[in-house]
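Coordinates as given in model_8.cif (mmCIF, C-alpha atoms):
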```
data_run
loop_
_atom_site.label_atom_id
_atom_site.label_comp_id
_atom_site.auth_asym_id
_atom_site.auth_seq_id
_atom_site.Cartn_x
_atom_site.Cartn_y
_atom_site.Cartn_z
CA MET E 809 5.55 -52.18 9.53
CA PRO E 810 7.82 -49.90 11.62
CA ASP E 811 6.04 -47.02 13.36
CA TRP E 812 8.10 -44.33 11.61
CA ILE E 813 7.16 -45.64 8.15
CA ASP E 814 3.51 -45.72 9.21
CA THR E 815 3.80 -42.05 10.31
CA VAL E 816 5.37 -41.06 6.98
CA ILE E 817 2.58 -42.73 5.00
CA ARG E 818 -0.13 -41.15 7.18
CA SER E 819 1.46 -37.70 6.81
CA PHE E 820 1.40 -37.85 3.02
CA ILE E 821 -2.13 -39.23 2.90
CA PHE E 822 -3.65 -36.67 5.25
CA LEU E 823 -1.70 -33.73 3.82
CA ALA E 824 -3.10 -34.57 0.38
CA ALA E 825 -6.58 -35.11 1.83
CA LEU E 826 -6.58 -31.77 3.67
CA PHE E 827 -5.25 -29.97 0.60
CA PHE E 828 -7.98 -31.27 -1.70
CA MET E 829 -10.69 -30.72 0.93
CA THR E 830 -9.61 -27.09 1.23
CA LYS E 831 -9.67 -26.79 -2.55
CA ILE E 832 -13.22 -28.13 -2.58
CA LEU E 833 -14.34 -25.74 0.17
CA GLY E 834 -13.02 -22.79 -1.87
CA LYS E 835 -11.08 -19.55 -1.37
CA LYS E 836 -13.37 -18.43 1.43
CA GLN E 837 -11.58 -20.87 3.71
CA ILE E 838 -8.39 -18.77 3.53
CA SER E 839 -10.01 -15.34 3.66
CA GLU E 840 -12.77 -14.59 6.17
CA LEU E 841 -14.20 -17.57 8.03
CA SER E 842 -17.55 -17.76 9.73
CA PHE E 843 -17.69 -19.11 13.30
CA PHE E 844 -18.82 -22.50 12.05
CA GLU E 845 -16.11 -22.67 9.37
CA TYR E 846 -13.47 -21.64 11.91
CA ILE E 847 -14.54 -24.38 14.35
CA SER E 848 -14.82 -26.89 11.52
CA GLY E 849 -11.32 -26.12 10.26
CA ILE E 850 -9.77 -26.49 13.72
CA THR E 851 -11.58 -29.77 14.26
CA ILE E 852 -10.51 -31.24 10.92
CA GLY E 853 -6.89 -30.25 11.54
CA SER E 854 -6.95 -31.71 15.05
CA ILE E 855 -8.42 -34.99 13.86
CA ALA E 856 -5.82 -35.26 11.10
CA GLY E 857 -3.01 -34.51 13.56
CA GLU E 858 -4.24 -37.13 16.01
CA VAL E 859 -4.55 -39.81 13.32
CA ILE E 860 -1.15 -39.02 11.76
CA THR E 861 0.72 -39.25 15.07
CA GLY E 862 -1.20 -42.30 16.29
CA LEU E 863 -3.13 -40.50 19.06
CA GLU E 864 0.06 -39.09 20.60
CA SER E 865 1.49 -42.55 21.15
CA SER E 866 5.02 -41.31 20.52
CA ILE E 867 6.73 -37.92 20.72
CA ILE E 868 9.17 -39.04 18.03
CA GLN E 869 6.32 -39.80 15.65
CA GLY E 870 4.82 -36.36 16.28
CA LEU E 871 8.13 -34.64 15.57
CA LEU E 872 8.59 -36.76 12.46
CA ALA E 873 5.15 -35.73 11.16
CA ILE E 874 5.98 -32.04 11.71
CA VAL E 875 9.28 -32.42 9.84
CA ILE E 876 7.55 -34.18 6.96
CA PHE E 877 4.89 -31.46 6.68
CA SER E 878 7.60 -28.78 6.72
CA LEU E 879 9.71 -30.49 4.07
CA ILE E 880 6.70 -31.04 1.82
CA THR E 881 5.78 -27.35 2.17
CA LEU E 882 9.33 -26.29 1.24
CA LEU E 883 9.31 -28.68 -1.72
CA VAL E 884 5.98 -27.35 -3.02
CA ASP E 885 7.21 -23.74 -2.66
CA TYR E 886 10.36 -24.59 -4.61
CA LEU E 887 8.47 -26.40 -7.38
CA ALA E 888 5.99 -23.51 -7.59
CA LEU E 889 8.89 -21.17 -8.39
CA LYS E 890 9.95 -23.43 -11.25
CA SER E 891 6.60 -24.52 -12.68
CA LYS E 892 3.44 -22.54 -13.45
CA THR E 893 1.43 -25.77 -13.39
CA VAL E 894 2.52 -26.50 -9.82
CA ARG E 895 1.94 -22.85 -8.91
CA ASN E 896 -1.62 -22.97 -10.26
CA LEU E 897 -2.28 -26.23 -8.43
CA ALA E 898 -0.81 -25.11 -5.10
CA ASP E 899 -1.86 -21.46 -5.03
CA GLY E 900 -4.86 -21.54 -7.32
CA ARG E 901 -5.99 -18.95 -9.88
CA GLY E 902 -8.01 -15.79 -9.71
CA THR E 903 -11.71 -16.06 -10.50
CA VAL E 904 -13.57 -13.29 -12.34
CA LEU E 905 -16.75 -12.51 -10.39
CA ILE E 906 -17.83 -9.31 -12.17
CA LYS E 907 -17.35 -8.37 -15.81
CA ASP E 908 -18.71 -5.26 -17.56
CA GLY E 909 -20.83 -4.44 -14.51
CA LYS E 910 -22.52 -7.87 -14.44
CA VAL E 911 -22.05 -10.58 -11.82
CA LEU E 912 -20.95 -13.95 -13.19
CA GLU E 913 -23.26 -16.14 -11.14
CA GLU E 914 -21.64 -19.44 -12.11
CA ASN E 915 -18.22 -18.28 -10.91
CA LEU E 916 -19.80 -16.92 -7.73
CA LYS E 917 -21.41 -20.30 -7.01
CA LYS E 918 -18.16 -22.07 -7.87
CA GLU E 919 -16.35 -20.11 -5.17
CA LYS E 920 -19.28 -20.58 -2.75
CA TYR E 921 -19.80 -16.84 -2.25
CA THR E 922 -23.22 -15.27 -1.79
CA ILE E 923 -24.17 -11.91 -3.30
CA ASP E 924 -24.16 -10.49 0.25
CA GLU E 925 -20.55 -11.57 0.75
CA LEU E 926 -19.57 -10.14 -2.63
CA SER E 927 -21.28 -6.85 -1.76
CA ALA E 928 -19.38 -6.74 1.53
CA LEU E 929 -16.06 -7.21 -0.28
CA LEU E 930 -16.97 -4.40 -2.69
CA ARG E 931 -17.95 -2.07 0.17
CA GLN E 932 -14.54 -2.62 1.71
CA LYS E 933 -13.21 -0.93 -1.43
CA ASP E 934 -15.79 1.89 -1.22
CA ILE E 935 -17.79 0.44 -4.12
CA TYR E 936 -21.56 0.32 -3.61
CA ARG E 937 -22.91 -0.40 -7.09
CA VAL E 938 -22.03 -3.53 -9.04
CA ALA E 939 -22.87 -1.70 -12.28
CA ASP E 940 -19.94 0.69 -11.66
CA VAL E 941 -17.40 -2.14 -11.81
CA GLU E 942 -15.51 -2.91 -15.02
CA PHE E 943 -14.32 -6.22 -13.62
CA ALA E 944 -13.59 -7.79 -10.25
CA VAL E 945 -11.36 -10.79 -9.57
CA LEU E 946 -11.35 -13.01 -6.50
CA GLU E 947 -7.65 -13.62 -5.92
CA PRO E 948 -6.24 -17.02 -4.87
CA ARG E 949 -5.79 -15.74 -1.30
CA GLY E 950 -9.44 -14.77 -1.02
CA THR E 951 -9.07 -11.00 -1.52
CA LEU E 952 -11.07 -9.09 -4.11
CA SER E 953 -9.44 -6.88 -6.75
CA ALA E 954 -11.83 -4.51 -8.49
CA LEU E 955 -11.48 -1.98 -11.30
CA LEU E 956 -14.13 0.69 -11.73
CA LYS E 957 -15.41 1.71 -15.12
CA LYS E 958 -13.45 4.63 -16.50
CA GLU E 959 -16.23 7.18 -15.96
CA TYR E 960 -16.40 6.30 -12.26
CA ARG E 961 -12.67 6.38 -11.49
CA PRO E 962 -11.30 9.34 -9.53
CA LEU E 963 -9.61 12.02 -11.61
CA THR E 964 -5.83 12.04 -11.54
CA PRO E 965 -3.43 14.91 -12.28
CA LYS E 966 -2.54 13.10 -15.51
CA ASP E 967 -6.18 13.17 -16.62
CA LEU E 968 -6.14 16.94 -16.14
CA GLN E 969 -2.70 17.22 -17.78
CA MET E 970 -1.30 18.69 -14.59
CA LYS E 971 2.32 18.43 -13.54
CA VAL E 972 2.91 17.20 -10.01
CA ALA E 973 6.07 16.83 -7.98
CA ASN E 974 7.65 13.43 -7.55
CA GLU E 975 7.35 12.11 -4.02
CA LYS E 976 10.25 10.53 -2.16
CA GLU E 977 10.27 8.48 1.01
CA PRO E 978 10.21 10.75 4.09
CA GLN E 979 13.26 10.37 6.30
CA THR E 980 12.69 10.10 10.06
CA VAL E 981 15.51 12.28 11.39
CA ILE E 982 14.28 12.57 14.99
CA MET E 983 12.94 9.69 17.04
CA ASP E 984 12.08 9.94 20.74
CA GLY E 985 13.98 13.20 21.01
CA GLN E 986 17.14 11.70 19.49
CA ILE E 987 18.69 12.60 16.13
CA VAL E 988 18.93 9.73 13.63
CA ASP E 989 22.15 10.61 11.79
CA GLU E 990 21.79 7.96 9.07
CA ALA E 991 18.37 9.28 8.03
CA LEU E 992 19.68 12.84 8.24
CA ARG E 993 22.47 11.97 5.80
CA SER E 994 19.99 10.22 3.48
CA ALA E 995 17.95 13.43 3.41
CA GLY E 996 21.08 15.42 2.54
CA LYS E 997 20.86 17.51 5.71
CA SER E 998 23.15 18.29 8.64
CA ARG E 999 22.66 18.62 12.38
CA GLY E 1000 23.19 22.35 12.04
CA TRP E 1001 20.33 22.61 9.54
CA LEU E 1002 18.11 20.53 11.83
CA HIS E 1003 18.71 22.78 14.85
CA ILE E 1004 17.99 25.88 12.73
CA GLU E 1005 14.68 24.39 11.53
CA LEU E 1006 13.71 23.48 15.09
CA ALA E 1007 14.49 27.05 16.17
CA LYS E 1008 12.19 28.36 13.42
CA LEU E 1009 9.40 26.22 14.89
CA ASP E 1010 10.29 27.47 18.39
CA LEU E 1011 11.07 23.92 19.52
CA THR E 1012 13.98 22.08 21.12
CA LEU E 1013 15.08 18.54 20.41
CA ASP E 1014 13.66 17.35 23.73
CA ASN E 1015 10.15 18.50 22.71
CA VAL E 1016 10.05 16.34 19.57
CA PHE E 1017 8.66 12.80 19.59
CA ILE E 1018 9.18 12.25 15.86
CA GLY E 1019 10.56 14.49 13.12
CA GLN E 1020 10.62 13.79 9.40
CA VAL E 1021 12.12 15.46 6.34
CA ASP E 1022 9.78 15.23 3.35
CA SER E 1023 10.68 15.03 -0.33
CA TYR E 1024 10.77 18.85 -0.50
CA GLY E 1025 13.39 19.07 2.24
CA GLU E 1026 11.00 20.47 4.84
CA LEU E 1027 10.91 19.37 8.45
CA THR E 1028 7.61 18.22 9.97
CA VAL E 1029 7.40 17.27 13.64
CA ASP E 1030 5.14 15.59 16.16
CA ILE E 1031 5.77 16.78 19.71
CA TYR E 1032 5.22 15.09 23.05
CA ASP E 1033 2.69 17.69 24.22
CA ASP E 1034 -0.38 16.97 22.08
CA LYS E 1035 -2.10 20.10 23.39
CA MET E 1036 0.61 22.35 21.96
CA GLN E 1037 -0.08 23.69 18.47
CA THR E 1038 2.79 22.79 16.16
CA PRO E 1039 3.69 25.41 13.55
CA THR E 1040 3.54 24.15 9.96
CA PRO E 1041 6.42 24.77 7.53
CA ASN E 1042 5.67 27.76 5.29
CA GLN E 1043 8.79 28.14 3.14
CA ARG E 1044 7.14 26.94 -0.05
CA PRO E 1045 4.02 29.16 0.19
CA LEU E 1046 6.24 32.14 1.02
CA LEU E 1047 8.49 31.43 -1.97
CA LEU E 1048 5.47 31.16 -4.30
CA ALA E 1049 4.02 34.40 -2.93
CA THR E 1050 7.37 36.16 -3.43
CA LEU E 1051 7.62 34.99 -7.05
CA LYS E 1052 4.06 36.15 -7.79
CA LYS E 1053 4.77 39.56 -6.24
CA THR E 1054 7.96 39.86 -8.30
CA GLN E 1055 6.08 39.04 -11.49
CA ALA E 1056 3.35 41.56 -10.66
CA ASP E 1057 5.93 44.27 -9.89
CA LEU E 1058 7.65 43.71 -13.23
CA GLU E 1059 4.32 44.12 -15.05
CA ILE E 1060 3.60 47.33 -13.11
CA PHE E 1061 7.05 48.69 -14.01
CA SER E 1062 6.48 47.90 -17.69
CA LEU E 1063 3.18 49.78 -17.63
CA GLY E 1064 4.63 52.68 -15.70
CA THR E 1065 7.61 53.45 -17.94
CA LYS E 1066 7.55 55.37 -21.21
CA ASP E 1067 10.99 54.15 -22.29
CA GLU E 1068 10.39 51.45 -24.89
CA LYS E 1069 13.68 49.70 -24.17
CA SER E 1070 12.94 49.48 -20.42
CA LYS E 1071 9.33 48.47 -21.15
CA ALA E 1072 10.50 45.57 -23.34
CA MET E 1073 12.98 44.46 -20.65
CA TYR E 1074 10.31 44.46 -17.90
CA GLU E 1075 7.83 42.58 -20.08
CA LYS E 1076 10.44 39.99 -21.05
CA ASN E 1077 11.45 39.34 -17.41
CA ALA E 1078 7.81 39.30 -16.25
CA LYS E 1079 7.15 36.57 -18.81
CA LEU E 1080 10.21 34.60 -17.65
CA VAL E 1081 9.13 34.82 -14.00
CA GLN E 1082 5.59 33.71 -14.96
CA GLU E 1083 7.02 30.67 -16.78
CA THR E 1084 9.03 29.86 -13.67
CA ILE E 1085 5.90 30.18 -11.51
CA ASP E 1086 3.98 27.83 -13.83
CA LYS E 1087 6.74 25.22 -13.58
CA LEU E 1088 7.18 25.49 -9.80
CA THR E 1089 3.53 25.79 -8.73
CA PRO E 1090 2.96 21.97 -8.53
CA TYR E 1091 6.00 21.71 -6.26
CA LEU E 1092 5.20 24.71 -4.08
CA THR E 1093 1.49 24.04 -3.49
CA SER E 1094 1.37 20.26 -2.95
#
```

So that I can check it, write out the structure of this file as structure tokens.
Amino acid sequence: MPDWIDTVIRSFIFLAALFFMTKILGKKQISELSFFEYISGITIGSIAGEVITGLESSIIQGLLAIVIFSLITLLVDYLALKSKTVRNLADGRGTVLIKDGKVLEENLKKEKYTIDELSALLRQKDIYRVADVEFAVLEPRGTLSALLKKEYRPLTPKDLQMKVANEKEPQTVIMDGQIVDEALRSAGKSRGWLHIELAKLDLTLDNVFIGQVDSYGELTVDIYDDKMQTPTPNQRPLLLATLKKTQADLEIFSLGTKDEKSKAMYEKNAKLVQETIDKLTPYLTS
């Protein structure tokens, strides 16, 4: 038998053997390895490589084995895109380890995880009591996804029926003291605006290591001198304070006038300003 055919056969045999051995060893082999598992994995791979290439008897055979492994990997990736069966076989499926606050011991043993290792994965997600977990799934790549029971989940603005402003990606408009014009255009700002904002912060372009425009159109900066206190933008708090003062003044005017027509006008506008404050408060305080 020609050497190259022997290399091809060995490559297929050992690739299949390593794949199924890894499947048997479980998801832990592709997440966090112990020292012994790390050494064991390296040794197994080295032995397989030596056997496939015939103990380095030929450089050509070694290159051929690498090409075969690469082509097989590409083929499996392609088939996984087309077939769920292949995807389940190659990538595996998630395993439920906790359901309704109770550990599923059989699934835990199947994946060769101890309760200590499960607890460590939960602590990485700031979860310290198994009973607080609605369900937890060990993903095919060895990571743990966990959902807390509803009563233990953090409150969200939606739970409190609060309106919050939509966030957009901050644009880095200054980098290493240089203006990034593309980001500045994406933020809808000009160089003139940028220089005015820097002047408000009593800074020059050379002082700024990084500057970003947030979703509210405000400039935040990080300067080279870490000991220097950087002023924080205060346009939004000032605007909110101005609106509240205007609303309070209108109410005072309505109470201070005896003219019914003027009183009605002040009360109407005070109500309109208050409605505006209610709508803008989530945007001006976040």

Exercise. On this file, the PyMOL selection byres ((chain E and resi 974-983) around 9) gives some set of residues; write that set as JSON, numbers by chain.
Key: {"E": [972, 973, 984, 985, 986, 987, 988, 989, 990, 991, 992, 993, 994, 995, 1002, 1013, 1016, 1017, 1018, 1019, 1020, 1021, 1022, 1023, 1024, 1027, 1029, 1091]}

Need the shell around Val938 of chain E: protein/DNA/RNA residues with any atom at most 10 Å away, counting all atoms listed in the file. Skip same-chain ones fewer than 4 positions apart. Format as an mmCIF file with C-alpha atoms, keeping the file's coordinate frame?
```
data_model
loop_
_atom_site.group_PDB
_atom_site.id
_atom_site.type_symbol
_atom_site.label_atom_id
_atom_site.label_comp_id
_atom_site.auth_asym_id
_atom_site.auth_seq_id
_atom_site.Cartn_x
_atom_site.Cartn_y
_atom_site.Cartn_z
ATOM 1 C CA ILE E 906 -17.830 -9.310 -12.170
ATOM 2 C CA LYS E 907 -17.350 -8.370 -15.810
ATOM 3 C CA ASP E 908 -18.710 -5.260 -17.560
ATOM 4 C CA GLY E 909 -20.830 -4.440 -14.510
ATOM 5 C CA LYS E 910 -22.520 -7.870 -14.440
ATOM 6 C CA VAL E 911 -22.050 -10.580 -11.820
ATOM 7 C CA LEU E 926 -19.570 -10.140 -2.630
ATOM 8 C CA SER E 927 -21.280 -6.850 -1.760
ATOM 9 C CA LEU E 930 -16.970 -4.400 -2.690
ATOM 10 C CA GLU E 942 -15.510 -2.910 -15.020
ATOM 11 C CA PHE E 943 -14.320 -6.220 -13.620
ATOM 12 C CA ALA E 944 -13.590 -7.790 -10.250
ATOM 13 C CA LEU E 956 -14.130 0.690 -11.730
#
```

Quiz prompt | Atomic separation - atom CA of Leu1009 of chain E relative to atom CA of Ile1031 of chain E, Å | solution =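 These two atoms are separated by 11.2 Å.
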
Quiz item: To one decimal place, how far is atom CA of Ser998 of chain E from atom CA of Pro1090 of chain E in Å?
Solution: 26.8 Å

Select, counting only C-alpha atoms, all protein, DNA and RNA residues no farther than 10 Å from (-4.6, -16.3, -7.2) in file coordinates, and express the selection as a PDB file with C-alpha atoms, in the coordinates of the input.
```pdb
ATOM      1  CA  LYS E 835     -11.080 -19.550  -1.370  1.00  0.00           C
ATOM      2  CA  ARG E 895       1.940 -22.850  -8.910  1.00  0.00           C
ATOM      3  CA  ASN E 896      -1.620 -22.970 -10.260  1.00  0.00           C
ATOM      4  CA  ALA E 898      -0.810 -25.110  -5.100  1.00  0.00           C
ATOM      5  CA  ASP E 899      -1.860 -21.460  -5.030  1.00  0.00           C
ATOM      6  CA  GLY E 900      -4.860 -21.540  -7.320  1.00  0.00           C
ATOM      7  CA  ARG E 901      -5.990 -18.950  -9.880  1.00  0.00           C
ATOM      8  CA  GLY E 902      -8.010 -15.790  -9.710  1.00  0.00           C
ATOM      9  CA  THR E 903     -11.710 -16.060 -10.500  1.00  0.00           C
ATOM     10  CA  VAL E 945     -11.360 -10.790  -9.570  1.00  0.00           C
ATOM     11  CA  LEU E 946     -11.350 -13.010  -6.500  1.00  0.00           C
ATOM     12  CA  GLU E 947      -7.650 -13.620  -5.920  1.00  0.00           C
ATOM     13  CA  PRO E 948      -6.240 -17.020  -4.870  1.00  0.00           C
ATOM     14  CA  ARG E 949      -5.790 -15.740  -1.300  1.00  0.00           C
ATOM     15  CA  GLY E 950      -9.440 -14.770  -1.020  1.00  0.00           C
ATOM     16  CA  THR E 951      -9.070 -11.000  -1.520  1.00  0.00           C
TER      17      THR E 951
END
```

Practice problem: Please measure the separation of atom CA of Leu1051 of chain E and atom CA of Glu1083 of chain E, giving the value in Å to one decimal. | Solution: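 We find that atom CA of Leu1051 of chain E and atom CA of Glu1083 of chain E lie 10.7 Å from each other.
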
Quiz prompt | From E:Leu905, E:Leu1058, E:Leu912, E:Leu1063, residue lying nearest Lys1079 of chain E [only C-alpha atoms] | solution = E:Leu1058

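Once the PyMOL selection byres ((chain E and resi 1074) around 10) is applied to the depicted file, the selected set reads E:Gln1055, E:Asp1057, E:Leu1058, E:Glu1059, E:Ile1060, E:Phe1061, E:Ser1062, E:Leu1063, E:Thr1065, E:Glu1068, E:Lys1069, E:Ser1070, E:Lys1071, E:Ala1072, E:Met1073, E:Glu1075, E:Lys1076, E:Asn1077, E:Ala1078, E:Lys1079, E:Leu1080.
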
On this structure, the PyMOL selection byres ((chain E and resi 1085) around 12) would catch which residues? List them as a PDB file with C-alpha atoms, keeping the file's coordinate frame, sorted by chain and number.
```
ATOM      1  CA  ARG E1044       7.140  26.940  -0.050  1.00  0.00           C
ATOM      2  CA  PRO E1045       4.020  29.160   0.190  1.00  0.00           C
ATOM      3  CA  LEU E1047       8.490  31.430  -1.970  1.00  0.00           C
ATOM      4  CA  LEU E1048       5.470  31.160  -4.300  1.00  0.00           C
ATOM      5  CA  ALA E1049       4.020  34.400  -2.930  1.00  0.00           C
ATOM      6  CA  THR E1050       7.370  36.160  -3.430  1.00  0.00           C
ATOM      7  CA  LEU E1051       7.620  34.990  -7.050  1.00  0.00           C
ATOM      8  CA  LYS E1052       4.060  36.150  -7.790  1.00  0.00           C
ATOM      9  CA  LYS E1053       4.770  39.560  -6.240  1.00  0.00           C
ATOM     10  CA  THR E1054       7.960  39.860  -8.300  1.00  0.00           C
ATOM     11  CA  GLN E1055       6.080  39.040 -11.490  1.00  0.00           C
ATOM     12  CA  ALA E1056       3.350  41.560 -10.660  1.00  0.00           C
ATOM     13  CA  ALA E1078       7.810  39.300 -16.250  1.00  0.00           C
ATOM     14  CA  LYS E1079       7.150  36.570 -18.810  1.00  0.00           C
ATOM     15  CA  LEU E1080      10.210  34.600 -17.650  1.00  0.00           C
ATOM     16  CA  VAL E1081       9.130  34.820 -14.000  1.00  0.00           C
ATOM     17  CA  GLN E1082       5.590  33.710 -14.960  1.00  0.00           C
ATOM     18  CA  GLU E1083       7.020  30.670 -16.780  1.00  0.00           C
ATOM     19  CA  THR E1084       9.030  29.860 -13.670  1.00  0.00           C
ATOM     20  CA  ASP E1086       3.980  27.830 -13.830  1.00  0.00           C
ATOM     21  CA  LYS E1087       6.740  25.220 -13.580  1.00  0.00           C
ATOM     22  CA  LEU E1088       7.180  25.490  -9.800  1.00  0.00           C
ATOM     23  CA  THR E1089       3.530  25.790  -8.730  1.00  0.00           C
ATOM     24  CA  PRO E1090       2.960  21.970  -8.530  1.00  0.00           C
ATOM     25  CA  TYR E1091       6.000  21.710  -6.260  1.00  0.00           C
ATOM     26  CA  LEU E1092       5.200  24.710  -4.080  1.00  0.00           C
ATOM     27  CA  THR E1093       1.490  24.040  -3.490  1.00  0.00           C
TER      28      THR E1093
END
```

Just need the box for segment 1050-1060 of chain E, edges along x, y and z, holding every atom the file lists for it with 4 Å tacked onto each side, so centre and edge lengths in Å to one decimal, as lines of an AutoDock Vina configuration file.
```
center_x = 5.7
center_y = 41.2
center_z = -9.2
size_x = 12.6
size_y = 20.3
size_z = 19.6
```
